[in-house]
Amino acid sequence: MTKKSWKEFVGFTVRVIIIHSLTYLLFGLIMSNLFNYREIFQREIIRDFMLPLDAHTPLGILLQPVRGLLFAIALWPLRDLFLAKKNGWLMVWGLFLVFGILSTTGAAPCSIEGVLYTKLPLWYHLIGLPEITLQTLAFSTLLVWWEKRESTLITEKQPKQQKGFLSDLLMALVIGCFSYIGFAVGSLAVFFLMNTGSDTDQAIQFDEAAADIKNQLMFVVAFIFNVIFVLLIKGRWMANKISLWSIFGIAWLMDSLILFVYQSIFYGSSAPLTVILIGFLPALILAFGINQNFKKPAVS
């Protein structure tokens, strides 16, 4: 590949990894709790096929960028083809449905071969379909949308105003890391505030919370959303289409909702006031970081 093509491939790969990792984590979290995978994986026959849910969950999440890289390598030769089609997302999703889900070369769960040649019950094949079909649908839709957006920016030929995707991504990751620190500081502040009362039974058990993998993943999910938020909003900010206060307000609402929805799904309840307080500082950091690192073009 030429130097230009190589840069385009790297940018494409990064976008694939981000979208795949995000959709994988999001739909995995939702469906595993909705269908209670933890209990299902302990049932007869199923437990001989699947490891317990928590056995390799952290490792599985960490390895998703590797899968994203493999997807990028496979989809790169087809990139121009699905970008040229009006419904290119349907082409990508069709590839996943046919070759990755229903007609795999091996007897995988949810596949035709899996139904025919494994002892897994039919209900197990069916219960896994919502997660993988919706995740691949979201992945295909977001990928094609993002790629078409990048192609549009390139054709506008504004090199002086465009830093390039990799530079923007690096800056978004840096801002996202600082916002992650904001979550930590906000959580500590809420912890100390809630432990100032005399009712120790209602106090947050800090050590248990710090060791809880689900609690840690909550902030990882928020970090991913914040990075994508920076990438999506910085263009409107630089084009004077949104104010800094609006960015702060949207970010505060987004971070609070992420924590509220996550806690409601995985813990059964959430305290609205708590998540609003924790979400304040990360949102402030996001707004400040965007203001300082994505400069608007000078107006003559």
# chains A, B, ... in the order shown; residues from 1 in each chain; ligands from 1
$ residues_around --residues "stretch 121-125 of chain A" --least-positions-apart "5" --cutoff "7 Å" --atoms "only C-alpha atoms" --output "PDB file with N, CA and C atoms, in the first residue's frame"
ATOM      1  N   PRO A 109     -22.620 -22.185  18.344  1.00  0.00           N
ATOM      2  CA  PRO A 109     -23.972 -21.876  18.828  1.00  0.00           C
ATOM      3  C   PRO A 109     -24.653 -20.855  17.927  1.00  0.00           C
ATOM      4  N   CYS A 110     -25.956 -20.995  17.757  1.00  0.00           N
ATOM      5  CA  CYS A 110     -26.797 -20.115  16.931  1.00  0.00           C
ATOM      6  C   CYS A 110     -26.648 -20.367  15.437  1.00  0.00           C
ATOM      7  N   VAL A 115     -26.957 -26.304  15.468  1.00  0.00           N
ATOM      8  CA  VAL A 115     -28.241 -26.944  15.757  1.00  0.00           C
ATOM      9  C   VAL A 115     -28.204 -28.416  15.375  1.00  0.00           C
TER      10      VAL A 115
END
$ residues_around --residues "stretch 67-72 of chain A" --least-positions-apart "5" --cutoff "12 Å" --atoms "only C-alpha atoms" --output "JSON, numbers by chain"
{"A": [8, 9, 10, 11, 12, 13, 14, 15, 16, 17, 18, 19, 20, 21, 22, 23, 24, 60, 61, 62, 77, 78, 79, 92, 95, 96, 100, 136, 139, 140, 143]}
$ write_last_selection --atoms "N, CA and C atoms" --output "PDB file, in the first residue's frame"
ATOM      1  N   GLU A   8      -4.923   5.601   5.675  1.00  0.00           N
ATOM      2  CA  GLU A   8      -6.368   5.369   5.629  1.00  0.00           C
ATOM      3  C   GLU A   8      -6.720   4.036   6.280  1.00  0.00           C
ATOM      4  N   PHE A   9      -5.888   3.021   6.046  1.00  0.00           N
ATOM      5  CA  PHE A   9      -6.136   1.706   6.646  1.00  0.00           C
ATOM      6  C   PHE A   9      -6.018   1.777   8.169  1.00  0.00           C
ATOM      7  N   VAL A  10      -5.010   2.483   8.669  1.00  0.00           N
ATOM      8  CA  VAL A  10      -4.832   2.617  10.118  1.00  0.00           C
ATOM      9  C   VAL A  10      -6.042   3.324  10.736  1.00  0.00           C
ATOM     10  N   GLY A  11      -6.496   4.422  10.082  1.00  0.00           N
ATOM     11  CA  GLY A  11      -7.675   5.120  10.581  1.00  0.00           C
ATOM     12  C   GLY A  11      -8.905   4.238  10.561  1.00  0.00           C
ATOM     13  N   PHE A  12      -9.082   3.481   9.478  1.00  0.00           N
ATOM     14  CA  PHE A  12     -10.204   2.550   9.360  1.00  0.00           C
ATOM     15  C   PHE A  12     -10.143   1.498  10.464  1.00  0.00           C
ATOM     16  N   THR A  13      -8.956   0.974  10.719  1.00  0.00           N
ATOM     17  CA  THR A  13      -8.785  -0.059  11.739  1.00  0.00           C
ATOM     18  C   THR A  13      -9.137   0.472  13.125  1.00  0.00           C
ATOM     19  N   VAL A  14      -8.691   1.674  13.426  1.00  0.00           N
ATOM     20  CA  VAL A  14      -8.992   2.269  14.728  1.00  0.00           C
ATOM     21  C   VAL A  14     -10.501   2.440  14.910  1.00  0.00           C
ATOM     22  N   ARG A  15     -11.169   2.890  13.850  1.00  0.00           N
ATOM     23  CA  ARG A  15     -12.621   3.081  13.939  1.00  0.00           C
ATOM     24  C   ARG A  15     -13.334   1.743  14.120  1.00  0.00           C
ATOM     25  N   VAL A  16     -12.896   0.722  13.418  1.00  0.00           N
ATOM     26  CA  VAL A  16     -13.493  -0.615  13.567  1.00  0.00           C
ATOM     27  C   VAL A  16     -13.309  -1.129  14.987  1.00  0.00           C
ATOM     28  N   ILE A  17     -12.117  -0.960  15.524  1.00  0.00           N
ATOM     29  CA  ILE A  17     -11.837  -1.437  16.886  1.00  0.00           C
ATOM     30  C   ILE A  17     -12.719  -0.716  17.904  1.00  0.00           C
ATOM     31  N   ILE A  18     -12.842   0.600  17.762  1.00  0.00           N
ATOM     32  CA  ILE A  18     -13.658   1.367  18.702  1.00  0.00           C
ATOM     33  C   ILE A  18     -15.119   0.936  18.643  1.00  0.00           C
ATOM     34  N   ILE A  19     -15.666   0.854  17.426  1.00  0.00           N
ATOM     35  CA  ILE A  19     -17.084   0.513  17.282  1.00  0.00           C
ATOM     36  C   ILE A  19     -17.348  -0.910  17.744  1.00  0.00           C
ATOM     37  N   HIS A  20     -16.470  -1.845  17.349  1.00  0.00           N
ATOM     38  CA  HIS A  20     -16.688  -3.231  17.764  1.00  0.00           C
ATOM     39  C   HIS A  20     -16.601  -3.380  19.273  1.00  0.00           C
ATOM     40  N   SER A  21     -15.567  -2.811  19.892  1.00  0.00           N
ATOM     41  CA  SER A  21     -15.387  -2.948  21.343  1.00  0.00           C
ATOM     42  C   SER A  21     -16.559  -2.340  22.098  1.00  0.00           C
ATOM     43  N   LEU A  22     -17.035  -1.180  21.621  1.00  0.00           N
ATOM     44  CA  LEU A  22     -18.144  -0.505  22.292  1.00  0.00           C
ATOM     45  C   LEU A  22     -19.437  -1.302  22.178  1.00  0.00           C
ATOM     46  N   THR A  23     -19.786  -1.734  20.962  1.00  0.00           N
ATOM     47  CA  THR A  23     -21.040  -2.474  20.770  1.00  0.00           C
ATOM     48  C   THR A  23     -20.982  -3.848  21.438  1.00  0.00           C
ATOM     49  N   TYR A  24     -19.818  -4.482  21.399  1.00  0.00           N
ATOM     50  CA  TYR A  24     -19.647  -5.773  22.068  1.00  0.00           C
ATOM     51  C   TYR A  24     -19.905  -5.641  23.561  1.00  0.00           C
ATOM     52  N   GLY A  60     -11.717 -11.375  28.155  1.00  0.00           N
ATOM     53  CA  GLY A  60     -12.487 -11.281  26.913  1.00  0.00           C
ATOM     54  C   GLY A  60     -12.675  -9.849  26.460  1.00  0.00           C
ATOM     55  N   ILE A  61     -12.913  -8.953  27.405  1.00  0.00           N
ATOM     56  CA  ILE A  61     -13.077  -7.533  27.063  1.00  0.00           C
ATOM     57  C   ILE A  61     -11.773  -6.955  26.550  1.00  0.00           C
ATOM     58  N   LEU A  62     -10.668  -7.297  27.195  1.00  0.00           N
ATOM     59  CA  LEU A  62      -9.365  -6.761  26.797  1.00  0.00           C
ATOM     60  C   LEU A  62      -8.934  -7.253  25.416  1.00  0.00           C
ATOM     61  N   PRO A  77     -10.727  -4.634   2.173  1.00  0.00           N
ATOM     62  CA  PRO A  77     -10.863  -4.751   0.704  1.00  0.00           C
ATOM     63  C   PRO A  77     -12.267  -4.428   0.195  1.00  0.00           C
ATOM     64  N   LEU A  78     -13.274  -4.509   1.076  1.00  0.00           N
ATOM     65  CA  LEU A  78     -14.661  -4.249   0.683  1.00  0.00           C
ATOM     66  C   LEU A  78     -15.111  -2.830   1.021  1.00  0.00           C
ATOM     67  N   ARG A  79     -14.231  -2.026   1.583  1.00  0.00           N
ATOM     68  CA  ARG A  79     -14.615  -0.710   2.090  1.00  0.00           C
ATOM     69  C   ARG A  79     -15.217   0.170   0.994  1.00  0.00           C
ATOM     70  N   VAL A  92     -22.710  -5.102   4.897  1.00  0.00           N
ATOM     71  CA  VAL A  92     -21.803  -5.534   5.967  1.00  0.00           C
ATOM     72  C   VAL A  92     -22.535  -6.443   6.947  1.00  0.00           C
ATOM     73  N   LEU A  95     -23.040  -9.943   5.621  1.00  0.00           N
ATOM     74  CA  LEU A  95     -21.845 -10.787   5.730  1.00  0.00           C
ATOM     75  C   LEU A  95     -21.739 -11.408   7.115  1.00  0.00           C
ATOM     76  N   PHE A  96     -22.015 -10.606   8.134  1.00  0.00           N
ATOM     77  CA  PHE A  96     -21.969 -11.131   9.498  1.00  0.00           C
ATOM     78  C   PHE A  96     -23.052 -12.182   9.719  1.00  0.00           C
ATOM     79  N   GLY A 100     -20.875 -15.233   9.702  1.00  0.00           N
ATOM     80  CA  GLY A 100     -20.446 -15.167  11.090  1.00  0.00           C
ATOM     81  C   GLY A 100     -21.431 -15.732  12.091  1.00  0.00           C
ATOM     82  N   THR A 136     -24.070  -6.943  15.803  1.00  0.00           N
ATOM     83  CA  THR A 136     -23.517  -6.809  14.449  1.00  0.00           C
ATOM     84  C   THR A 136     -24.291  -5.781  13.632  1.00  0.00           C
ATOM     85  N   PHE A 139     -22.965  -2.482  14.877  1.00  0.00           N
ATOM     86  CA  PHE A 139     -21.600  -2.336  14.369  1.00  0.00           C
ATOM     87  C   PHE A 139     -21.611  -1.922  12.897  1.00  0.00           C
ATOM     88  N   SER A 140     -22.391  -2.609  12.077  1.00  0.00           N
ATOM     89  CA  SER A 140     -22.434  -2.337  10.638  1.00  0.00           C
ATOM     90  C   SER A 140     -22.962  -0.936  10.356  1.00  0.00           C
ATOM     91  N   LEU A 143     -20.386   1.736  11.622  1.00  0.00           N
ATOM     92  CA  LEU A 143     -19.159   1.731  10.820  1.00  0.00           C
ATOM     93  C   LEU A 143     -19.363   2.430   9.488  1.00  0.00           C
TER      94      LEU A 143
END
$ atom_distance --atom1 "atom CA of A:Ala271" --atom2 "atom CA of A:Phe288"
26.8 Å
$ residues_around --residues "A:Phe225" --least-positions-apart "3" --cutoff "10 Å" --atoms "only C-alpha atoms" --output "PyMOL selection string"
chain A and resi 22+176+219-222+228-231+251+254-255+258
$ write_last_selection --atoms "C-alpha atoms" --output "CSV table (one decimal), in the first residue's frame"
chain,number,residue,atom,x,y,z
A,22,LEU,CA,-18.1,-0.5,22.3
A,176,GLY,CA,-11.2,10.9,28.1
A,219,PHE,CA,-16.3,3.7,34.4
A,220,VAL,CA,-14.7,2.0,31.5
A,221,VAL,CA,-18.0,2.2,29.6
A,222,ALA,CA,-18.3,5.8,30.5
A,228,ILE,CA,-16.7,8.9,21.2
A,229,PHE,CA,-18.5,12.0,22.4
A,230,VAL,CA,-15.4,14.2,21.9
A,231,LEU,CA,-14.8,12.8,18.4
A,251,ALA,CA,-21.8,15.7,28.6
A,254,MET,CA,-24.7,11.7,29.2
A,255,ASP,CA,-22.3,10.8,32.0
A,258,ILE,CA,-24.6,6.2,31.6
$ select_by_dssp --residues "stretch 82-275 of chain A" --states "helix (DSSP H, G or I)" --output "JSON, numbers by chain"
{"A": [82, 83, 84, 88, 89, 90, 91, 92, 93, 94, 95, 96, 97, 98, 99, 100, 101, 102, 112, 113, 114, 115, 116, 117, 122, 123, 124, 125, 126, 127, 128, 129, 130, 131, 132, 133, 134, 135, 136, 137, 138, 139, 140, 141, 142, 143, 144, 145, 146, 147, 148, 149, 150, 151, 152, 153, 154, 155, 165, 166, 167, 168, 169, 170, 171, 172, 173, 174, 175, 176, 177, 178, 179, 180, 181, 182, 183, 184, 185, 186, 187, 188, 189, 190, 191, 192, 193, 194, 200, 201, 202, 206, 207, 208, 209, 210, 211, 213, 214, 215, 216, 217, 218, 219, 220, 221, 222, 223, 224, 225, 226, 227, 228, 229, 230, 231, 232, 233, 234, 235, 236, 237, 238, 244, 245, 246, 247, 248, 249, 250, 251, 252, 253, 254, 255, 256, 257, 258, 259, 260, 261, 262, 263, 264, 265, 266, 267, 272, 273, 274, 275]}
$ closest_residue --among "A:Ser111, A:Asn33, A:Gly182, A:Lys296" --to "A:Ala239" --atoms "only C-alpha atoms"
A:Lys296
$ atom_distance --atom1 "atom CA of A:Ser256" --atom2 "atom CA of A:Leu277"
8.1 Å
$ residues_around --residues "A:Phe27" --least-positions-apart "5" --cutoff "10 Å" --atoms "only C-alpha atoms" --output "MDAnalysis selection string"
chainID A and resid 22 32:33 130:136 138
$ write_last_selection --atoms "C-alpha atoms" --output "mmCIF file, in the first residue's frame"
data_model
loop_
_atom_site.group_PDB
_atom_site.id
_atom_site.type_symbol
_atom_site.label_atom_id
_atom_site.label_comp_id
_atom_site.auth_asym_id
_atom_site.auth_seq_id
_atom_site.Cartn_x
_atom_site.Cartn_y
_atom_site.Cartn_z
ATOM 1 C CA LEU A 22 -18.144 -0.505 22.292
ATOM 2 C CA SER A 32 -26.175 -11.100 29.861
ATOM 3 C CA ASN A 33 -28.290 -9.461 32.533
ATOM 4 C CA PRO A 130 -30.652 -11.289 19.975
ATOM 5 C CA GLU A 131 -27.217 -10.306 21.287
ATOM 6 C CA ILE A 132 -25.145 -11.199 18.236
ATOM 7 C CA THR A 133 -27.644 -10.008 15.615
ATOM 8 C CA LEU A 134 -28.229 -6.641 17.322
ATOM 9 C CA GLN A 135 -24.533 -6.146 18.048
ATOM 10 C CA THR A 136 -23.517 -6.809 14.449
ATOM 11 C CA ALA A 138 -25.203 -1.724 15.406
#
$ closest_residue --among "A:Glu39, A:Glu113, A:Asp80, A:Asp168" --to "A:Ser151" --atoms "only C-alpha atoms"
A:Asp80
$ atom_distance --atom1 "atom CA of A:Leu59" --atom2 "atom CA of A:Ile224"
17.3 Å
$ closest_residue --among "A:Val98, A:Lys85, A:Lys119, A:Pro65" --to "A:Asp48" --atoms "only C-alpha atoms"
A:Lys119
